[in-house]
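Enquirer: Before I ask anything, let me first share the structure, which is written out below as structure tokens.
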Amino acid sequence: MPDITLVEAVTQALAYELKHDKKVVVFGEDVGKNGGVFRATEALQKEFGEDRVFDTPLAESMIAGLAVGMSTQGLKPVAEFQFMGFIYPAMNQIVSHAARMRNRTRGRLSCPLVLRAPFGGGIRAPEHHSESTEALFAHIPGLQVVIPSSPKRAYGLLLAAIRNPDPVVFLEPKRIYRLVKQPVEDNGEALPLGRCFTLKEGDDVTLVSWGASIHETLQSAKQLEDEGLSCEVIDVASIKPLDIDTILTSVEKTGRCVIVHEGAKTCGVGAEISAQIMENCLPDLLAPVQRVTGYDVVMPYFQLEKHYIPSVKRIKEAALSIME
Amino acid sequence: MKLFNLPDLGEGLPDAEIHEWFVKEGDIVKADQPLVSMETAKAVVDVPCPYDGKIVKFYGQPGDVIKAGEPLIGYEATEEVAKPSSDKGTVVGNLEESTDVSEDVFTVGSASTSKNRVKTTPAVRLLAKKLGIDLSSISGTGEHGVVTKDDVNREAQRKAEPKEGYVPLRGVRRAMLASMVQSHQEVVPVSIFDEADIHAWKDGTDITTRLIKAIVDATQKEPALNAWFDSETSSRRCFEEVHLGLAMDTEDGLFVPVIHDAQKASPDALRKTINDYKKSVRERAIPADKLKGATITLSNFGKFAGRFASPIIVPPMVSILAVGRLYEGAVGVNGKIEVHRMLPLSISFDHRAVTGGEATRFLGAVIESLEKS
Amino acid sequence: MTTSIVARFEVPFTRMLDANGELCGPLPSFAEKKETMVELYKIMVKARIFDKKAIALQRTGKMGTYAPINGQEAISTAIGHAMDTKDVFVPYYRDYAAQFQRGVKISEILAYWGGDERGSQFDCESEDLPICVPIASQCLHASGVAFAFKHRKQPRVAVVCIGEGGTSEGDFYEAINVAGAWKLPVVFIVNNNQWAISVPLSKQTATQTIAQKAIAAGFEGKQVDGNDLLATRAVIGEAIEAARRGEGPALIEALTYRLCDHTTADDATRYQPSNEVEEAQANEPIKRIKIFLEKENLWDDKQEQQLLDQCSKEVQEAVDEYVNSKPQPIGSAFDYHFETLPDYLIKQRAIAMEAFEDA
């Protein structure tokens with residue numbers, strides 16, 4: 001079984017699905033011969049041909065609009081946006097069409113498409129290459145939003161996203177694209193969408209996060225453990241549909257919760273999770289839900305980015321501040 | 001060829017003299033390997049190689065003075081260092097790589113068992129709360145398994161239905177149920193048992209009217225048992241008038257009509273009132289106001305069997321006197337056994353509002369009144 | 001160093017039947033059987049009668065804002081007739097004659113503008129896309145559909161329609177660009193009715209023709225007299241068949257005039273010069289076909305009256321069906337977002353349905 005990185009897991013999943021489902025096509029800018037700027041589509045064109053894996057002209061609205069048209073015809077397009085920062089020109093196609101076609105036609109036409117994009121900061125990139133605006137998509141009815149945080153889960157979740165009959169925005173945390181390797185069997189087994197993953201069990205506080213921030217969260221959990229605090233760590237993975245039950249079950253047990261995300265605080269996904277926790281298990285809460293997030297400012301240029309991204313220290317402090 | 005300039009060797013020293021080279025021109029060197037020793041005004045300092053590479057040229061020989069910031073050596077980066085055509089795997093920035101290999105450890109969903117979260121609406125939750133129904137015990141018949149109002153109502157009805165062989169309590173019995181439950185929840189009851197020796201009574205004495213007179217006499221001596229207690233405000237109201245509740249058992253159940261102002265009535269008037277009540281209770285024609293306002297209750301329960309009992313006090317009253325079966329008992333009189341007619345008495349009082357002393361005084365007064373001829 | 005001309009362009013304009021109903025050349029091949037023209041005339045008349053009725057429904061509060069097509073009937077009539085059943089049509093919002101020919105019910109179009117999503121459900125088996133409100137976005141869908149046809153090696157064509165104002169949008173350029181770059185079997189038809197709400201063509205773009213935008217995307221652009229059903233039908237037909245043969249995309253600019261408001265919420269008398277409107281009225285498409293058919297003894301007053309009666313009856317039946325249809329329960333607003341309704345929507349749907357049933 002190969003030990004692979006997160007981005008290699010993406011490649012592996014794409015290859016599996018290209019092989020087993022002839023309706024799948026993979027496209028975007030530089031995904032063909034170049035294999036994608038992060039090599040996410042490495043060697044796929046060579047294996048499956050230009051018919052299945054191909055480069056598009058430089059036009060993001062076109063990438064999404066083509067995916068809409070193709071998917072109404074029963075193809076399964078997996079389209080890449082080179083960076084989340086460049087998905088914005090496609091918003092109209094995503095919000096007005098991909099998310100609405102099934103509803104608009106009362107189920108007659110639908111859009112089984114996947115839009116992939118590397119997202120998040122921490123790689124010392126120029127401006128616009130470090131966006132974490134998953135909340136924009138989570139807000140849109142008709143869209144699903146999935147964010148893996150490990151090679152194995154990236155593989156299983158991407159398979160699920162491609163097989164899903166409705167549109168999925170699949171955001172890949174590029175900061176951890178190559179950070180760890182895991183053995184990931186290429187068995188075509190999908191993981192379920194709409195489920196959180198419990199990474200660590202604990203009794204004193206629930207730490208909720210997704211994407212690259214899972215790494216800082218796990219590190220804080222380990223350090224807090226050494227200081228005598230037992231942390232439960234939950235990887236949300238599916239931002240929408242949200243498996244709030246898993247989070248509620250954990251908070252009912254621990255009574256305390258810290259949510260960690262890189263995206264800006266106001267109207268970030270943490271606000272939604274916090275509201276749902278409050279709605280459903282207020283009597284179980286021993287302290288207010290904390291959010292450790294990016295600030296409500298534009299992601300700074302890379303010299304300052306590590307001061308923006310939620311750090312282990314900030315997470316620990318938030319957890320300790322709600323213990324008595 | 002790249003240049004390595006003499007660094008600042010510390011404390012802002014402007015220059016240093018080459019003391020000794022540790023390498024030769026043409027040598028392949030590794031970073032941090034000792035390169036040269038330089039003598040400053042203060043000390044002899046070893047300068048390490050800053051990079052992997054090949055030494056191409058020295059810019060001085062031992063004895064030469066080199067200024068800080070000026071070239072010391074020329075070098076070429078080696079193949080391993082250059083990496084000009086290797087794939088960085090990104091088009092911007094730099095992706096951190098590590099050699100960590102680990103298993104992915106995770107559970108899908110919760111680590112603990114989740115509650116059965118019911119799919120329903122706020123309005124239905126409200127209804128369930130009102131009817132005392134546990135939502136998690138219902139399976140919803142609404143679209144997509146949602147629990148509906150109908151589901152809740154159906155469950156409430158089902159719960160209220162008696163089991164096989166059971167008959168639901170209705171009417172007066174149902175009222176008794178409610179009353180007993182309330183009493184049990186609120187009252188702190190104590191019962192005291194005694195007897196009255198009525199051998200002095202003339203034949204044909206009306207037992208009930210004598211009992212009522214005895215109660216009236218006792219309330220003069222000890223008013224504390226002729227009172228109402230308000231648990232909300234922890235206060236009591238003692239009455240001068242005696243509104244006597246007279247328990248009457250019928251086929252339909254227990255009725256307690258009230259003889260208002262019993263203290264004013266003559267024995268004949270009492271007897272008439274009692275008979276009238278018996279009739280109207282039998283005919284289920286007793287008006288509601290005649291069933292309210294009792295300040296103390298008398299229960300003559302001993303018609304069939306039973307001497308003593310611990311009768312139930314109905315708030316807001318604080319006492320109840322119960323009379324058992326009249327019998328001929330052996331009593332001691334001046335050291336000899338005689339057979340006298342005896343009337344067993346049981347008094348229950350609410351110990352929140354009445355003391356033992358008050359209760360015994362009251363009972364004593366009742367007995368004293370009864371034992372007169 | 002000298003400068004040489006590396007590219008020139010030409011845009012052909014075609015007319016076959018002039019405003020007076022006179023043929024300017026031979027009848028096109030599709031009209032070999034003159035009965036075909038009678039058929040097409042009937043389709044145009046029905047579209048116009050429907051259009052008038054729809055406006056009346058809006059004005060009497062029985063329908064919401066509606067986009068009329070008066071004066072532009074030839075274009076969608078031509079499209080619907082030229083397309084094959086197995087092709088896919090990607091409309092904007094003035095294509096009713098094409099939609100009717102392709103199986104969409106009159107009552108469905110009324111339902112759409114009447115605020116009921118079932119208007120886009122289409123009872124008939126159809127892969128056609130629904131009416132598209134966001135301007136020009138449908139062009140990319142058409143390119144995507146065409147890609148699917150090419151990918152699967154199917155002899156099918158995507159046909160998309162757009163107003164001339166829409167060709168200023170980025171999505172239009174992105175769509176024609178990729179259509180040209182990938183040689184997709186898609187035909188772009190521009191209804192150039194001279195007005196984008198109140199903005200005249202002169203303010204919309206500096207190009208001499210809309211057709212020449214295709215040249216920037218690497219394929220042919222052609223102009224036709226959009227009031228001339230014969231030319232419009234012939235040129236569109238040729239383009240569709242060429243695309244079907246794998247010869248790549250085409251763009252056809254049909255020149256006409258918007259003899260109506262942009263929508264029922266607009267008042268064109270505020271900006272359309274009345275002399276221009278009068279002139280355009282004289283050029284309108286239905287009149288010239290009628291004159292031609294009458295000259296050819298294929299049509300008379302009696303048939304005209306029969307047709308008017310029949311169309312009015314058909315339209316009225318559709319109106320009755322629309323007006324009498326029961327509105328959807330609020331649950332329907334939830335039921336078509338995903339193939340399987342997720343938990344969070346189940347809960348919300350129950351709350352909405354409860355309030356709906358109580359009301």
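A note on labels: chains of the structure tokens are A, B, ... as shown, every chain counts residues from 1, and ligands are counted from 1 in their shown order.
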Do a neighbour search on range 46-49 of chain B at 8 Å with only C-alpha atoms, toss out local chain neighbours closer than 5 positions, and write the hits as a list in words.
Expert: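 Neighbouring residues, sequence-local ones excluded: Val29, Lys30, Ala31, Asp32, Gln33, Pro34, Leu35, Val36, Ser37 and Met38 of chain B.
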Enquirer: Kindly determine which residues of chain A lie within 10 Å of chain B, considering only C-alpha atoms, and give the answer as a PyMOL selection string.
Expert: chain A and resi 3-5+35-40+82+122-126+129+150-153+174-184+191-192+194-202+232-236+243-250+252-253+280+302
Enquirer: Taking only C-alpha atoms into account and nothing else, which residues of chain C lie no more than 12 Å away from chain B? Please answer as a PDB file with C-alpha atoms, in the first residue's frame.
Expert:
ATOM      1  CA  GLY C 331     -42.670  21.578   0.956  1.00  0.00           C
ATOM      2  CA  PHE C 334     -37.365  21.885  -0.301  1.00  0.00           C
ATOM      3  CA  ASP C 335     -37.899  18.765  -2.334  1.00  0.00           C
ATOM      4  CA  THR C 340     -31.974  12.922  -1.158  1.00  0.00           C
ATOM      5  CA  LEU C 341     -33.312  15.473   1.320  1.00  0.00           C
ATOM      6  CA  PRO C 342     -30.635  16.044   4.009  1.00  0.00           C
ATOM      7  CA  ASP C 343     -31.531  16.116   7.720  1.00  0.00           C
ATOM      8  CA  TYR C 344     -31.237  19.864   8.169  1.00  0.00           C
ATOM      9  CA  LEU C 345     -33.762  20.395   5.385  1.00  0.00           C
ATOM     10  CA  ILE C 346     -36.132  17.733   6.682  1.00  0.00           C
ATOM     11  CA  LYS C 347     -36.460  19.678   9.912  1.00  0.00           C
ATOM     12  CA  GLN C 348     -36.920  23.013   8.214  1.00  0.00           C
ATOM     13  CA  ARG C 349     -39.393  21.560   5.744  1.00  0.00           C
ATOM     14  CA  ALA C 350     -41.554  20.244   8.596  1.00  0.00           C
ATOM     15  CA  ILE C 351     -41.686  23.686  10.192  1.00  0.00           C
ATOM     16  CA  ALA C 352     -42.587  25.315   6.891  1.00  0.00           C
ATOM     17  CA  MET C 353     -45.282  22.753   6.067  1.00  0.00           C
ATOM     18  CA  GLU C 354     -46.808  23.094   9.534  1.00  0.00           C
ATOM     19  CA  ALA C 355     -47.206  26.845   9.093  1.00  0.00           C
ATOM     20  CA  GLU C 357     -51.113  23.843   6.665  1.00  0.00           C
ATOM     21  CA  ASP C 358     -52.229  26.050   9.557  1.00  0.00           C
TER      22      ASP C 358
END
Enquirer: List every residue of chain C that has an atom at most 6 Å from any atom of chain A, giving for each one its closest atom pair and the distance in Å to one decimal, counting only C-alpha atoms, sorted by chain and then by ascending residue number, as a tab-separated table.
Expert:
residue	atom	partner	partner_atom	distance
C:Glu117	CA	A:Arg104	CA	5.9
C:Ser120	CA	A:Thr105	CA	4.8
C:Gln121	CA	A:Thr105	CA	4.5
C:Leu140	CA	A:Gly65	CA	4.9
C:His141	CA	A:Gly69	CA	3.8
C:Gly144	CA	A:Leu66	CA	4.0
C:Val145	CA	A:Gly69	CA	4.7
C:Ala148	CA	A:Met70	CA	5.6
C:Glu174	CA	A:Met62	CA	5.6
C:Tyr336	CA	A:Asn103	CA	4.6
C:His337	CA	A:Gly142	CA	5.2
Enquirer: Kindly export the residues of the current selection with N, CA and C atoms, as a PDB file, in the first residue's frame.
Expert:
ATOM      1  N   GLU C 117     -42.380  26.935 -10.307  1.00  0.00           N
ATOM      2  CA  GLU C 117     -41.233  26.228 -10.901  1.00  0.00           C
ATOM      3  C   GLU C 117     -41.650  25.077 -11.813  1.00  0.00           C
ATOM      4  N   SER C 120     -40.833  24.909 -15.525  1.00  0.00           N
ATOM      5  CA  SER C 120     -39.576  24.463 -16.136  1.00  0.00           C
ATOM      6  C   SER C 120     -39.381  22.964 -16.015  1.00  0.00           C
ATOM      7  N   GLN C 121     -40.374  22.306 -15.457  1.00  0.00           N
ATOM      8  CA  GLN C 121     -40.237  20.861 -15.285  1.00  0.00           C
ATOM      9  C   GLN C 121     -40.400  20.144 -16.616  1.00  0.00           C
ATOM     10  N   LEU C 140     -22.557  29.568 -21.807  1.00  0.00           N
ATOM     11  CA  LEU C 140     -21.585  28.594 -21.327  1.00  0.00           C
ATOM     12  C   LEU C 140     -22.230  27.225 -21.148  1.00  0.00           C
ATOM     13  N   HIS C 141     -23.493  27.202 -20.721  1.00  0.00           N
ATOM     14  CA  HIS C 141     -24.178  25.918 -20.572  1.00  0.00           C
ATOM     15  C   HIS C 141     -24.266  25.231 -21.927  1.00  0.00           C
ATOM     16  N   GLY C 144     -21.109  23.720 -22.780  1.00  0.00           N
ATOM     17  CA  GLY C 144     -20.934  22.507 -21.983  1.00  0.00           C
ATOM     18  C   GLY C 144     -21.734  21.341 -22.535  1.00  0.00           C
ATOM     19  N   VAL C 145     -22.965  21.628 -22.926  1.00  0.00           N
ATOM     20  CA  VAL C 145     -23.812  20.588 -23.517  1.00  0.00           C
ATOM     21  C   VAL C 145     -23.177  20.093 -24.821  1.00  0.00           C
ATOM     22  N   ALA C 148     -20.460  17.725 -24.237  1.00  0.00           N
ATOM     23  CA  ALA C 148     -20.926  16.370 -23.926  1.00  0.00           C
ATOM     24  C   ALA C 148     -21.230  15.615 -25.213  1.00  0.00           C
ATOM     25  N   GLU C 174     -16.526  34.090 -23.164  1.00  0.00           N
ATOM     26  CA  GLU C 174     -15.904  32.841 -22.712  1.00  0.00           C
ATOM     27  C   GLU C 174     -16.540  31.646 -23.421  1.00  0.00           C
ATOM     28  N   TYR C 336     -36.543  19.655  -4.133  1.00  0.00           N
ATOM     29  CA  TYR C 336     -35.731  19.488  -5.337  1.00  0.00           C
ATOM     30  C   TYR C 336     -34.348  20.115  -5.212  1.00  0.00           C
ATOM     31  N   HIS C 337     -33.837  20.237  -3.988  1.00  0.00           N
ATOM     32  CA  HIS C 337     -32.486  20.788  -3.860  1.00  0.00           C
ATOM     33  C   HIS C 337     -31.429  19.722  -4.016  1.00  0.00           C
TER      34      HIS C 337
END
Enquirer: Can you list, as a PyMOL selection string, every residue of range 262-342 of chain C that DSSP puts in alpha helix (DSSP H)?
Expert: chain C and resi 274-282+285-295+301-324+332-335
Enquirer: Would you pick out the contacts of Leu207 in chain A at 9 Å or less, using only C-alpha atoms, so that residues sharing its chain but fewer than 6 positions from it are not included, and give the list as a list in words?
Expert: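 Skipping anything fewer than 6 positions along the chain leaves Thr217, Leu218, Ala221, Cys231, Glu232, Val233, Ile234, Asp235, Arg256, Cys257, Val258, Ile259, Val260, Ile315 and Ala319 of chain A.
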Enquirer: List as a ChimeraX atom specification the protein and nucleic acid residues near Asp268 in chain B, meaning an atom at most 12 Å away when only C-alpha atoms are counted, but skip any in the same chain fewer than 3 places from it.
Expert: /B:205-206,208-210,213,262,264-265,271-275
Enquirer: Using only C-alpha atoms, which residues sit within 9 Å of Leu298 in chain C once same-chain residues fewer than 5 positions away are excluded, as a PyMOL selection string?
Expert: chain C and resi 34-35+38+292-293
Enquirer: Using DSSP secondary structure from the backbone, list all strand (DSSP E or B) positions within range 69-315 of chain A, as a PDB file with C-alpha atoms, in the first residue's frame.
Expert:
ATOM      1  CA  LYS A  76     -19.576  14.079 -14.240  1.00  0.00           C
ATOM      2  CA  PRO A  77     -17.223  17.018 -14.533  1.00  0.00           C
ATOM      3  CA  VAL A  78     -14.525  17.466 -11.908  1.00  0.00           C
ATOM      4  CA  ALA A  79     -13.316  20.992 -12.585  1.00  0.00           C
ATOM      5  CA  GLU A  80     -10.302  22.611 -10.987  1.00  0.00           C
ATOM      6  CA  VAL A 114     -17.365  18.791  -8.388  1.00  0.00           C
ATOM      7  CA  LEU A 115     -15.448  22.062  -8.246  1.00  0.00           C
ATOM      8  CA  ARG A 116     -12.009  21.580  -6.680  1.00  0.00           C
ATOM      9  CA  ALA A 117      -9.746  24.344  -5.464  1.00  0.00           C
ATOM     10  CA  PRO A 118      -6.658  24.567  -3.268  1.00  0.00           C
ATOM     11  CA  PHE A 119      -7.448  26.945  -0.421  1.00  0.00           C
ATOM     12  CA  GLN A 144     -22.379  21.046  -0.639  1.00  0.00           C
ATOM     13  CA  VAL A 145     -18.960  21.984   0.756  1.00  0.00           C
ATOM     14  CA  VAL A 146     -16.317  19.409   1.687  1.00  0.00           C
ATOM     15  CA  VAL A 168     -19.885  19.752  -4.365  1.00  0.00           C
ATOM     16  CA  VAL A 169     -17.288  22.461  -3.747  1.00  0.00           C
ATOM     17  CA  PHE A 170     -14.215  20.475  -2.679  1.00  0.00           C
ATOM     18  CA  LEU A 171     -11.617  22.679  -1.004  1.00  0.00           C
ATOM     19  CA  GLU A 172      -8.128  21.259  -0.535  1.00  0.00           C
ATOM     20  CA  PRO A 173      -5.990  22.798   2.238  1.00  0.00           C
ATOM     21  CA  LYS A 181       2.159  10.786   4.261  1.00  0.00           C
ATOM     22  CA  GLN A 182      -0.288   8.041   5.096  1.00  0.00           C
ATOM     23  CA  PRO A 183      -0.876   4.587   3.745  1.00  0.00           C
ATOM     24  CA  PHE A 197     -14.745  12.506  12.021  1.00  0.00           C
ATOM     25  CA  THR A 198     -13.702  12.146  15.646  1.00  0.00           C
ATOM     26  CA  LEU A 199      -9.908  12.162  15.644  1.00  0.00           C
ATOM     27  CA  LYS A 200      -9.349  11.956  19.361  1.00  0.00           C
ATOM     28  CA  VAL A 205     -13.329  20.102  26.057  1.00  0.00           C
ATOM     29  CA  THR A 206     -14.383  19.607  22.440  1.00  0.00           C
ATOM     30  CA  LEU A 207     -12.112  21.091  19.794  1.00  0.00           C
ATOM     31  CA  VAL A 208     -13.801  21.458  16.400  1.00  0.00           C
ATOM     32  CA  SER A 209     -11.928  22.314  13.235  1.00  0.00           C
ATOM     33  CA  CYS A 231      -9.561  17.106  24.645  1.00  0.00           C
ATOM     34  CA  GLU A 232     -11.908  15.611  22.089  1.00  0.00           C
ATOM     35  CA  VAL A 233     -10.970  16.613  18.550  1.00  0.00           C
ATOM     36  CA  ILE A 234     -13.532  16.634  15.757  1.00  0.00           C
ATOM     37  CA  ASP A 235     -12.777  17.120  12.069  1.00  0.00           C
ATOM     38  CA  SER A 238     -18.388  18.239   5.514  1.00  0.00           C
ATOM     39  CA  ILE A 239     -19.107  21.909   6.130  1.00  0.00           C
ATOM     40  CA  LYS A 240     -22.423  21.425   4.337  1.00  0.00           C
ATOM     41  CA  CYS A 257     -16.263  23.827  22.890  1.00  0.00           C
ATOM     42  CA  VAL A 258     -13.613  25.668  20.900  1.00  0.00           C
ATOM     43  CA  ILE A 259     -14.053  26.058  17.143  1.00  0.00           C
ATOM     44  CA  VAL A 260     -10.949  26.744  15.065  1.00  0.00           C
ATOM     45  CA  HIS A 261     -10.934  27.990  11.470  1.00  0.00           C
ATOM     46  CA  GLU A 262      -8.610  29.985   9.273  1.00  0.00           C
ATOM     47  CA  GLY A 263     -11.356  31.969   7.554  1.00  0.00           C
ATOM     48  CA  ALA A 264     -12.400  35.362   8.930  1.00  0.00           C
ATOM     49  CA  GLN A 290     -15.156  29.926  21.734  1.00  0.00           C
ATOM     50  CA  ARG A 291     -14.061  30.656  18.203  1.00  0.00           C
ATOM     51  CA  VAL A 292     -10.393  30.903  17.264  1.00  0.00           C
ATOM     52  CA  THR A 293     -10.329  32.224  13.738  1.00  0.00           C
ATOM     53  CA  GLY A 294      -8.683  34.426  11.198  1.00  0.00           C
TER      54      GLY A 294
END
Enquirer: Ala13 in chain A: which residues within 8 Å, counting only C-alpha atoms, same-chain residues fewer than 4 positions away excluded, as JSON, numbers by chain?
Expert: {"A": [9, 17, 155, 156, 158, 159, 186, 188]}
Enquirer: Taking only C-alpha atoms into account, name the residue in A:Val298, A:Met84, A:Val26, A:Ala135 that is nearest to Ile162 in chain A.
Expert: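 Ranked by minimum distance to Ile162 in chain A, first place goes to A:Val26.
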Enquirer: Would you please work out which residue, of C:Val160, C:Gly237, C:Lys46, C:Glu278, is nearest to Asp309 in chain C when using only C-alpha atoms?
Expert: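 Ranking C:Val160, C:Gly237, C:Lys46, C:Glu278 by distance to Asp309 in chain C, first place goes to C:Lys46.
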Enquirer: Between B:Thr141, B:Val354, B:Gly324, B:Asp52, single out the one closest to Arg237 in chain B, counting only C-alpha atoms.
Expert: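 Of B:Thr141, B:Val354, B:Gly324, B:Asp52, the one nearest Arg237 in chain B is B:Val354, counting only C-alpha atoms.
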Enquirer: One number please: CA of His340 in chain B to CA of Phe301 in chain B, in Å, one decimal.
Expert: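 Computing the Euclidean distance for CA of His340 in chain B and CA of Phe301 in chain B yields 20.6 Å.
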